[in-house]
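Colleague: Structure file run_0.tsv (TSV, C-alpha atoms) is given on the next line.
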```tsv
chain	number	residue	atom	x	y	z
A	1254	MET	CA	43.58	-73.62	157.18
A	1255	PHE	CA	45.87	-76.39	158.41
A	1256	ASN	CA	48.43	-75.48	155.73
A	1257	PHE	CA	48.32	-71.83	156.78
A	1258	VAL	CA	48.73	-72.67	160.47
A	1259	GLN	CA	51.69	-75.00	159.91
A	1260	GLY	CA	53.16	-72.87	157.14
A	1261	GLN	CA	53.00	-69.09	157.01
A	1262	LEU	CA	51.74	-68.68	160.59
A	1263	VAL	CA	54.85	-70.44	161.92
A	1264	SER	CA	57.07	-67.99	160.02
A	1265	ILE	CA	55.00	-65.04	161.28
A	1266	ALA	CA	55.25	-66.30	164.86
A	1267	VAL	CA	59.03	-66.83	164.63
A	1268	ILE	CA	59.55	-63.37	163.08
A	1269	ILE	CA	57.46	-61.68	165.80
A	1270	PHE	CA	59.38	-63.65	168.44
A	1271	ILE	CA	62.81	-62.65	167.10
A	1272	LEU	CA	61.92	-59.02	166.37
A	1273	GLY	CA	60.14	-58.73	169.72
A	1274	LEU	CA	63.17	-60.00	171.64
A	1275	LEU	CA	65.48	-57.75	169.61
A	1276	TYR	CA	63.30	-54.74	170.37
A	1277	GLN	CA	63.21	-55.53	174.09
A	1278	GLY	CA	66.95	-56.09	174.14
A	1279	ILE	CA	67.64	-52.77	172.41
A	1280	GLN	CA	65.25	-50.99	174.79
A	1281	PHE	CA	67.04	-52.55	177.76
A	1282	PHE	CA	70.45	-51.28	176.63
A	1283	ARG	CA	68.97	-47.87	175.83
A	1284	LEU	CA	67.36	-47.56	179.27
A	1285	THR	CA	70.44	-48.73	181.19
A	1286	LYS	CA	73.11	-46.48	179.71
A	1287	LYS	CA	74.06	-45.07	183.11
A	1288	LYS	CA	77.14	-46.63	184.66
A	1289	GLU	CA	77.37	-47.66	188.30
A	1290	TRP	CA	80.44	-49.30	189.74
A	1291	VAL	CA	79.22	-51.70	192.41
A	1292	PHE	CA	82.48	-53.63	192.45
A	1293	PRO	CA	85.39	-51.29	191.66
A	1294	PRO	CA	88.27	-52.96	189.81
A	1295	LEU	CA	90.79	-54.59	192.16
A	1296	PRO	CA	94.36	-53.25	192.18
A	1297	ILE	CA	96.77	-55.73	190.59
A	1298	GLU	CA	98.63	-56.60	193.81
A	1299	ASN	CA	95.33	-57.63	195.52
A	1300	LYS	CA	94.23	-60.06	192.81
A	1301	PRO	CA	92.76	-63.23	194.38
A	1302	GLU	CA	94.87	-66.40	194.15
A	1303	LYS	CA	93.97	-68.95	191.52
A	1304	LYS	CA	91.82	-71.75	192.89
A	1305	THR	CA	92.10	-75.46	192.17
A	1306	ALA	CA	89.11	-77.24	190.67
A	1307	GLU	CA	88.28	-78.82	194.03
A	1308	GLN	CA	88.43	-75.44	195.82
A	1309	TRP	CA	86.24	-73.91	193.13
A	1310	ILE	CA	83.62	-76.66	193.48
A	1311	ILE	CA	83.56	-76.25	197.28
A	1312	GLN	CA	83.18	-72.50	196.88
A	1313	CYS	CA	80.26	-72.99	194.46
A	1314	LEU	CA	78.49	-75.37	196.84
A	1315	ARG	CA	79.02	-72.99	199.78
A	1316	SER	CA	77.65	-70.08	197.76
A	1317	LEU	CA	74.33	-71.97	197.41
A	1318	ASP	CA	73.75	-71.17	201.09
A	1319	GLY	CA	72.91	-67.58	200.28
A	1320	THR	CA	70.44	-68.44	197.54
A	1321	LEU	CA	66.90	-69.68	197.10
A	1322	TRP	CA	68.23	-73.19	197.58
A	1323	LYS	CA	68.10	-72.48	201.28
A	1324	THR	CA	64.72	-70.69	201.42
A	1325	ASP	CA	62.66	-72.83	199.04
A	1326	ARG	CA	64.43	-76.01	198.01
A	1327	ALA	CA	61.40	-77.64	196.33
A	1328	LEU	CA	60.74	-74.63	194.13
A	1329	THR	CA	64.41	-74.30	193.21
A	1330	ILE	CA	64.47	-77.93	192.02
A	1331	ALA	CA	61.11	-77.65	190.22
A	1332	THR	CA	61.95	-74.44	188.44
A	1333	SER	CA	65.40	-75.67	187.38
A	1334	ILE	CA	64.04	-78.92	185.95
A	1335	PHE	CA	61.11	-77.08	184.37
A	1336	HIS	CA	63.26	-74.53	182.55
A	1337	VAL	CA	65.89	-77.01	181.35
A	1338	CYS	CA	63.21	-79.34	179.96
A	1339	LEU	CA	61.22	-76.41	178.53
A	1340	ILE	CA	64.20	-75.33	176.43
A	1341	ALA	CA	65.63	-78.74	175.59
A	1342	THR	CA	62.43	-80.54	174.55
A	1343	PRO	CA	61.33	-78.43	171.56
A	1344	LEU	CA	64.91	-77.87	170.37
A	1345	PHE	CA	66.00	-81.51	170.35
A	1346	LEU	CA	62.71	-83.24	169.55
A	1347	LEU	CA	62.94	-85.68	166.64
A	1348	GLY	CA	59.63	-84.60	165.11
A	1349	HIS	CA	60.57	-80.92	165.15
A	1350	ASN	CA	63.99	-81.60	163.63
A	1351	ILE	CA	62.51	-83.69	160.83
A	1352	LEU	CA	60.14	-80.82	159.98
A	1353	LEU	CA	62.98	-78.31	160.13
A	1354	ASP	CA	65.12	-80.47	157.87
A	1355	GLN	CA	62.27	-80.83	155.36
A	1356	SER	CA	61.48	-77.09	155.40
A	1357	TRP	CA	64.84	-75.37	155.71
A	1358	GLY	CA	67.41	-78.13	155.18
A	1359	LEU	CA	68.92	-77.75	158.63
A	1360	SER	CA	68.30	-79.23	162.05
A	1361	LEU	CA	69.84	-79.85	165.46
A	1362	PHE	CA	70.64	-83.30	166.84
A	1363	SER	CA	67.64	-85.22	168.19
A	1364	LEU	CA	67.10	-86.97	171.49
A	1365	PRO	CA	65.52	-90.46	171.60
A	1366	GLU	CA	61.75	-90.13	171.53
A	1367	SER	CA	61.23	-91.95	174.80
A	1368	PHE	CA	63.64	-89.50	176.49
A	1369	SER	CA	61.80	-86.52	174.96
A	1370	ASP	CA	58.61	-88.04	176.31
A	1371	VAL	CA	60.12	-88.07	179.81
A	1372	LEU	CA	61.25	-84.43	179.44
A	1373	THR	CA	57.73	-83.44	178.37
A	1374	LEU	CA	56.28	-85.21	181.39
A	1375	MET	CA	58.74	-83.31	183.60
A	1376	VAL	CA	57.45	-80.03	182.18
A	1377	LEU	CA	53.86	-81.10	182.82
A	1378	ILE	CA	54.59	-82.26	186.36
A	1379	CYS	CA	56.45	-79.05	187.20
A	1380	GLY	CA	53.67	-77.02	185.58
A	1381	THR	CA	51.20	-78.80	187.84
A	1382	TYR	CA	53.40	-77.99	190.83
A	1383	PHE	CA	53.41	-74.29	189.85
A	1384	LEU	CA	49.63	-74.33	189.43
A	1385	GLY	CA	49.18	-75.97	192.81
A	1386	ARG	CA	51.53	-73.47	194.42
A	1387	ARG	CA	49.63	-70.57	192.91
A	1388	LEU	CA	46.29	-71.94	194.06
A	1389	LEU	CA	47.23	-73.20	197.50
A	1390	LEU	CA	49.88	-70.84	198.89
A	1391	ALA	CA	48.32	-67.69	200.38
A	1392	ARG	CA	51.36	-65.53	199.62
A	1393	VAL	CA	51.30	-66.46	195.91
A	1394	ARG	CA	47.51	-66.21	195.73
A	1395	ALA	CA	47.72	-62.69	197.14
A	1396	ILE	CA	49.56	-61.43	194.03
A	1397	SER	CA	47.99	-63.71	191.42
A	1398	THR	CA	45.41	-62.73	188.85
A	1399	ILE	CA	43.72	-64.57	185.95
A	1400	TYR	CA	46.60	-63.34	183.76
A	1401	ASP	CA	49.07	-65.54	185.68
A	1402	TYR	CA	46.98	-68.66	185.10
A	1403	ILE	CA	46.64	-67.83	181.41
A	1404	ILE	CA	50.40	-67.37	181.06
A	1405	LEU	CA	51.00	-70.72	182.78
A	1406	LEU	CA	48.56	-72.32	180.36
A	1407	ILE	CA	50.35	-70.68	177.42
A	1408	ALA	CA	53.70	-72.00	178.66
A	1409	VAL	CA	52.51	-75.54	179.33
A	1410	GLY	CA	49.94	-75.79	176.49
A	1411	PRO	CA	52.39	-76.76	173.71
A	1412	PHE	CA	53.81	-79.55	175.90
A	1413	LEU	CA	50.40	-80.91	176.91
A	1414	THR	CA	49.09	-80.92	173.34
A	1415	GLY	CA	52.39	-82.29	172.04
A	1416	PHE	CA	52.24	-85.14	174.57
A	1417	LEU	CA	48.66	-85.93	173.55
A	1418	ALA	CA	49.53	-85.77	169.85
A	1419	TYR	CA	52.60	-88.00	170.20
A	1420	HIS	CA	50.58	-90.66	172.03
A	1421	GLN	CA	47.68	-90.14	169.60
A	1422	TRP	CA	45.17	-89.70	172.39
A	1423	LEU	CA	41.97	-87.89	171.29
A	1424	ASP	CA	41.53	-86.82	167.65
A	1425	TYR	CA	45.06	-86.47	166.26
A	1426	LYS	CA	44.34	-83.75	163.67
A	1427	THR	CA	42.60	-81.51	166.20
A	1428	VAL	CA	45.28	-82.01	168.82
A	1429	ILE	CA	48.17	-81.38	166.44
A	1430	LEU	CA	46.45	-78.19	165.21
A	1431	LEU	CA	46.08	-77.07	168.84
A	1432	HIS	CA	49.72	-77.96	169.43
A	1433	ILE	CA	50.94	-75.80	166.55
A	1434	LEU	CA	48.65	-72.93	167.51
A	1435	SER	CA	49.66	-73.06	171.17
A	1436	GLY	CA	53.34	-73.12	170.19
A	1437	GLU	CA	52.87	-70.10	167.94
A	1438	LEU	CA	50.93	-68.31	170.67
A	1439	MET	CA	53.76	-68.97	173.10
A	1440	LEU	CA	56.37	-67.60	170.68
A	1441	ILE	CA	54.35	-64.44	170.05
A	1442	THR	CA	53.70	-63.76	173.74
A	1443	ILE	CA	57.26	-64.33	174.99
A	1444	PRO	CA	58.66	-60.84	174.20
A	1445	PHE	CA	55.59	-58.97	175.45
A	1446	THR	CA	54.61	-60.71	178.68
A	1447	LYS	CA	56.32	-61.99	181.82
A	1448	LEU	CA	57.61	-64.89	179.71
A	1449	GLY	CA	60.15	-62.31	178.55
A	1450	HIS	CA	62.16	-63.20	181.65
A	1451	MET	CA	63.65	-65.72	179.22
A	1452	LEU	CA	65.79	-62.86	177.94
A	1453	PHE	CA	65.64	-60.45	180.84
A	1454	PHE	CA	66.80	-62.80	183.52
A	1455	PHE	CA	70.19	-62.97	181.81
A	1456	LEU	CA	70.36	-59.30	180.81
A	1457	TYR	CA	69.53	-58.14	184.33
A	1458	ARG	CA	71.78	-60.59	186.14
A	1459	PHE	CA	74.80	-60.02	183.88
A	1460	PHE	CA	74.64	-56.35	183.05
A	1461	ILE	CA	72.93	-54.52	185.93
A	1462	GLY	CA	75.34	-53.50	188.67
A	1463	SER	CA	74.11	-55.19	191.81
A	1464	GLU	CA	75.38	-57.42	194.59
A	1465	TYR	CA	73.37	-60.18	192.94
A	1466	SER	CA	75.06	-59.90	189.54
A	1467	PHE	CA	76.62	-63.03	188.12
A	1468	VAL	CA	79.59	-60.96	186.98
A	1469	ARG	CA	80.64	-57.31	187.57
A	1470	GLY	CA	77.69	-55.64	185.88
A	1471	SER	CA	78.01	-51.89	185.72
A	1472	ARG	CA	74.80	-50.73	184.10
A	1473	THR	CA	71.97	-49.16	186.01
A	1474	TRP	CA	68.46	-47.92	185.27
B	311	MET	CA	38.83	-34.92	207.67
B	312	THR	CA	42.45	-33.87	207.24
B	313	HIS	CA	43.55	-31.62	204.38
B	314	GLN	CA	45.14	-34.68	202.74
B	315	GLU	CA	41.77	-36.36	202.56
B	316	MET	CA	39.94	-33.30	201.19
B	317	LYS	CA	42.18	-32.15	198.35
B	318	PRO	CA	41.04	-33.32	194.86
B	319	VAL	CA	43.29	-35.76	193.00
B	320	ASP	CA	45.23	-34.22	190.10
B	321	THR	CA	44.93	-37.12	187.66
B	322	LYS	CA	46.71	-35.22	184.87
B	323	GLN	CA	49.79	-34.72	187.04
B	324	ILE	CA	49.83	-38.39	188.06
B	325	ARG	CA	49.56	-39.46	184.44
B	326	GLU	CA	52.43	-37.19	183.42
B	327	MET	CA	54.64	-38.65	186.14
B	328	LEU	CA	53.65	-42.21	185.22
B	329	HIS	CA	54.43	-41.51	181.57
B	330	ARG	CA	57.92	-40.16	182.36
B	331	LYS	CA	59.12	-43.48	183.79
B	332	LYS	CA	56.75	-45.70	181.84
B	333	ALA	CA	59.45	-47.56	179.90
B	334	LYS	CA	61.26	-48.79	183.00
B	335	MET	CA	58.39	-49.20	185.47
B	336	LYS	CA	55.97	-50.92	183.13
B	337	ARG	CA	58.72	-53.37	182.19
B	338	PHE	CA	59.36	-54.13	185.87
B	339	LEU	CA	55.64	-54.66	186.46
B	340	SER	CA	55.13	-56.81	183.37
B	341	TYR	CA	58.19	-59.02	183.97
B	342	CYS	CA	57.22	-59.75	187.55
B	343	ALA	CA	56.58	-63.50	187.53
B	344	ARG	CA	54.40	-63.28	190.68
B	345	CYS	CA	56.53	-66.01	192.18
B	346	SER	CA	56.63	-64.47	195.70
B	347	LEU	CA	60.31	-65.40	196.06
B	348	CYS	CA	61.07	-61.83	197.14
B	349	ALA	CA	59.06	-62.40	200.32
B	350	GLU	CA	61.79	-63.80	202.58
B	351	SER	CA	64.16	-60.99	201.64
B	352	CYS	CA	61.92	-58.45	203.44
B	353	PHE	CA	62.50	-58.31	207.19
B	354	LEU	CA	59.08	-56.71	207.70
B	355	TYR	CA	57.45	-59.73	206.05
B	356	MET	CA	59.38	-62.06	208.34
B	357	ALA	CA	58.59	-59.93	211.42
B	358	HIS	CA	54.85	-59.77	210.70
B	359	ASP	CA	54.26	-63.55	210.71
B	360	LYS	CA	54.80	-63.77	206.95
B	361	ASP	CA	51.79	-61.60	206.17
B	362	PRO	CA	51.59	-61.44	202.33
B	363	GLN	CA	50.82	-57.70	202.52
B	364	TYR	CA	54.46	-57.10	203.43
B	365	MET	CA	55.88	-58.94	200.42
B	366	PRO	CA	57.89	-56.58	198.21
B	367	SER	CA	55.99	-57.71	195.13
B	368	TYR	CA	52.64	-57.15	196.87
B	369	LYS	CA	53.68	-53.63	197.85
B	370	ALA	CA	54.83	-52.73	194.34
B	371	ILE	CA	51.83	-54.27	192.59
B	372	HIS	CA	49.27	-52.67	194.92
B	373	SER	CA	50.81	-49.21	194.80
B	374	LEU	CA	52.60	-48.41	191.55
B	375	GLY	CA	50.97	-51.32	189.74
B	376	LYS	CA	47.54	-50.03	190.66
B	377	LEU	CA	48.44	-46.52	189.48
B	378	TYR	CA	49.49	-47.87	186.08
B	379	ARG	CA	46.48	-50.17	185.79
B	380	LYS	CA	44.09	-47.30	186.54
B	381	GLN	CA	46.21	-44.93	184.39
B	382	GLY	CA	46.32	-42.51	187.28
B	383	LYS	CA	42.52	-42.35	187.64
B	384	VAL	CA	42.44	-43.05	191.36
B	385	ASN	CA	40.45	-41.46	194.12
B	386	ARG	CA	41.80	-40.07	197.36
B	387	GLU	CA	40.78	-43.19	199.24
B	388	SER	CA	43.04	-45.31	197.03
B	389	LEU	CA	45.90	-42.87	197.56
B	390	MET	CA	45.47	-43.08	201.34
B	391	GLU	CA	45.53	-46.87	201.08
B	392	MET	CA	48.74	-46.69	199.03
B	393	LYS	CA	50.22	-44.35	201.63
B	394	GLY	CA	50.06	-47.18	204.15
B	395	ILE	CA	51.60	-49.64	201.70
B	396	VAL	CA	54.59	-47.53	200.67
B	397	TRP	CA	55.33	-45.81	203.98
B	398	ARG	CA	54.11	-48.10	206.75
B	399	ASN	CA	54.80	-51.45	205.10
B	400	CYS	CA	58.15	-50.46	203.60
B	401	VAL	CA	61.20	-48.65	205.00
B	402	LEU	CA	63.16	-48.66	201.71
B	403	CYS	CA	66.01	-50.58	203.29
B	404	GLY	CA	66.86	-51.99	199.85
B	405	ARG	CA	67.21	-55.52	201.12
B	406	CYS	CA	64.55	-56.95	198.80
B	407	TYR	CA	65.74	-59.41	196.24
B	408	CYS	CA	64.11	-60.47	192.98
B	409	PRO	CA	65.37	-63.60	191.19
B	410	ILE	CA	64.62	-61.97	187.85
B	411	GLY	CA	66.43	-58.76	188.78
B	412	ILE	CA	63.55	-56.30	189.11
B	413	HIS	CA	64.56	-53.35	191.27
B	414	ILE	CA	61.70	-53.10	193.76
B	415	PRO	CA	62.96	-50.15	195.88
B	416	SER	CA	62.87	-47.86	192.83
B	417	MET	CA	59.22	-48.76	192.29
B	418	ILE	CA	58.34	-47.94	195.90
B	419	THR	CA	60.35	-44.71	195.69
B	420	PHE	CA	58.51	-43.68	192.55
B	421	ALA	CA	55.14	-44.50	194.11
B	422	ARG	CA	56.10	-42.32	197.09
B	423	SER	CA	56.99	-39.42	194.81
B	424	ILE	CA	53.64	-39.69	193.05
B	425	LEU	CA	51.80	-39.69	196.38
B	426	ARG	CA	53.82	-36.70	197.57
B	427	SER	CA	52.83	-34.82	194.41
B	428	GLN	CA	49.23	-35.25	195.64
B	429	ASP	CA	50.11	-34.09	199.15
B	430	VAL	CA	49.84	-37.60	200.50
B	431	TYR	CA	52.61	-38.45	202.95
B	432	PRO	CA	52.85	-39.62	206.55
B	433	GLN	CA	51.97	-36.86	209.02
B	434	LEU	CA	54.47	-37.75	211.68
B	435	ASP	CA	54.13	-34.49	213.63
B	436	GLU	CA	50.40	-34.94	214.19
B	437	ALA	CA	48.72	-37.33	216.59
B	438	SER	CA	47.77	-40.37	214.59
B	439	SER	CA	45.44	-43.22	215.36
B	440	GLU	CA	47.58	-45.65	213.43
B	441	SER	CA	51.03	-46.79	214.40
B	442	TRP	CA	53.86	-46.25	211.96
B	443	LEU	CA	56.23	-48.53	213.79
```
Would you mind writing the file's structure down as structure tokens?
Modeller:
Amino acid sequence: MFNFVQGQLVSIAVIIFILGLLYQGIQFFRLTKKKEWVFPPLPIENKPEKKTAEQWIIQCLRSLDGTLWKTDRALTIATSIFHVCLIATPLFLLGHNILLDQSWGLSLFSLPESFSDVLTLMVLICGTYFLGRRLLLARVRAISTIYDYIILLIAVGPFLTGFLAYHQWLDYKTVILLHILSGELMLITIPFTKLGHMLFFFLYRFFIGSEYSFVRGSRTW
Amino acid sequence: MTHQEMKPVDTKQIREMLHRKKAKMKRFLSYCARCSLCAESCFLYMAHDKDPQYMPSYKAIHSLGKLYRKQGKVNRESLMEMKGIVWRNCVLCGRCYCPIGIHIPSMITFARSILRSQDVYPQLDEASSESWL
């Protein structure tokens, strides 16, 4: 069973993850074929002047005023750290890259293990913050269901079990099996649950015409 | 009882309408992270002492979300409750903001159209015991 879980099941999970994201991406482009010009193209004579690096940095910092940085600073910091560590840790973990190299002959560069440990702890701490927020804040509790707690567990599970496995706390074989299974579960659920915001955040914010677009998106639903 | 409260619910019609926009609306509902960050973007939420019932996500989840969860099998009492959510608690000003990019006004608009199909809409020309302001 262990060979199946760390062998074929990994491939199945990765295939479902990739095909699922592809399907959702294609559906998104199919459903947003309509064009909507929110920002019409500027005439050539009114093109804005080129900014210096210093002016650009000041403009970026000023633009933070109109964002969540102003309304909920703690959450903005927690969610930024959480997402950066969530992506970076599994991609640049030494153990994962060794396994990739042994299986497929390729790998990414690896971070020092102690640094990966710190990143994992960051994910766990931020996950605890999200759990606390969901339990304690009335406005978040009002729209939360058991599904939201399960999804949080699915997102944090691989990091918790990975941390336990790395430090060899509890029975290693059981914990590493749980780690692989939780990672596979996370990959399978990403395209079909709210974890899909991994893809959709960028599709929506770049392509949908809106005053909140990162660039001049012109698609609409 | 008013005529709105007496008329039977046409579940088949509701299901047909839900099916027509299923691809877009179900995606919006499923990708909602339930983060509540849309709250401060609603002036009604801010004006009502930050009552969670006025959060854009709350309004969408408890109107359109409920219709999809129940697959249109709702009773008239539920529809009357949704009437308050989508007409009293929302003015469709379009100010609501979602960090993920979900378009909440279109969900409220769609919920309103479903309610209208069942003859449920605010009776502004009749004397009402509840305030719509």
Colleague: Got a sec to pull out which chain A residues are within 8 Å of chain B, counting all atoms listed in the file, and send them as a list in words?
Modeller: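 That gives Leu1284, Leu1321, Thr1324, Ala1391, Arg1392, Val1393, Ala1395, Ile1396, Ser1397, Asp1401, Thr1446, Lys1447, Leu1448, Gly1449, His1450, Phe1453, Phe1454, Tyr1457, Arg1458 and Trp1474 of chain A for chain A.
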Colleague: Can you list, as a PyMOL selection string, every protein, DNA or RNA residue that comes within 9 Å of A:Pro1411 when you count only C-alpha atoms, leaving out same-chain residues fewer than 6 positions away?
Modeller: chain A and resi 1431-1437+1439
Colleague: Find the distance between atom CA of A:Leu1274 and atom CA of A:Pro1444 and write it in Å to one decimal.
Modeller: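 About the pair atom CA of A:Leu1274 and atom CA of A:Pro1444: they are 5.3 Å apart.
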Colleague: Which neighbours of A:Val1428 fall inside 12 Å, counting only C-alpha atoms, when residues of the same chain fewer than 5 positions from it are skipped, and could you give them as a PyMOL selection string?
Modeller: chain A and resi 1255+1410-1423+1433-1435
Colleague: Would you compute the distance between atom CA of B:Ser388 and atom CA of B:Lys322? Give it in Å to one decimal.
Modeller: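 Computing it gives 16.2 Å between the two atoms.
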Colleague: Restricting the calculation to all atoms listed in the file: of B:Val396, B:Tyr355, B:Arg405, B:Asp429, which residue gets closest to B:Val319?
Modeller: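 Nearest candidate to B:Val319 out of B:Val396, B:Tyr355, B:Arg405, B:Asp429: B:Asp429.
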Colleague: Calculate how many Å separate atom CA of B:Met417 from atom CA of A:Trp1322, rounding to one decimal.
Modeller: 26.6 Å
Colleague: Which of these, B:Pro432, B:Leu402, B:Pro318, B:Leu328, has the shortest distance to B:Lys380 once you count only C-alpha atoms?
Modeller: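 Residue with the minimum atom-to-atom distance to B:Lys380: B:Leu328.
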Colleague: If we count all atoms listed in the file and set the cut-off at 7 Å, which residues sit around stretch 1330-1347 of chain A, ignoring sequence neighbours fewer than 4 positions away in its own chain? Please answer as a PyMOL selection string.
Modeller: chain A and resi 1326+1351+1361-1364+1366+1369+1372-1373+1375-1376+1379
Colleague: Write out as a list in words each polymer residue whose atoms come within 12 Å of A:Ile1271, counting only C-alpha atoms; drop sequence neighbours fewer than 2 positions from it.
Modeller: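 The neighbour list is Ser1264, Ile1265, Ala1266, Val1267, Ile1268, Ile1269, Gly1273, Leu1274, Leu1275, Tyr1276, Gln1277, Gly1278, Leu1440, Ile1441, Thr1442, Ile1443, Pro1444, Phe1445, Gly1449 and Leu1452 of chain A.
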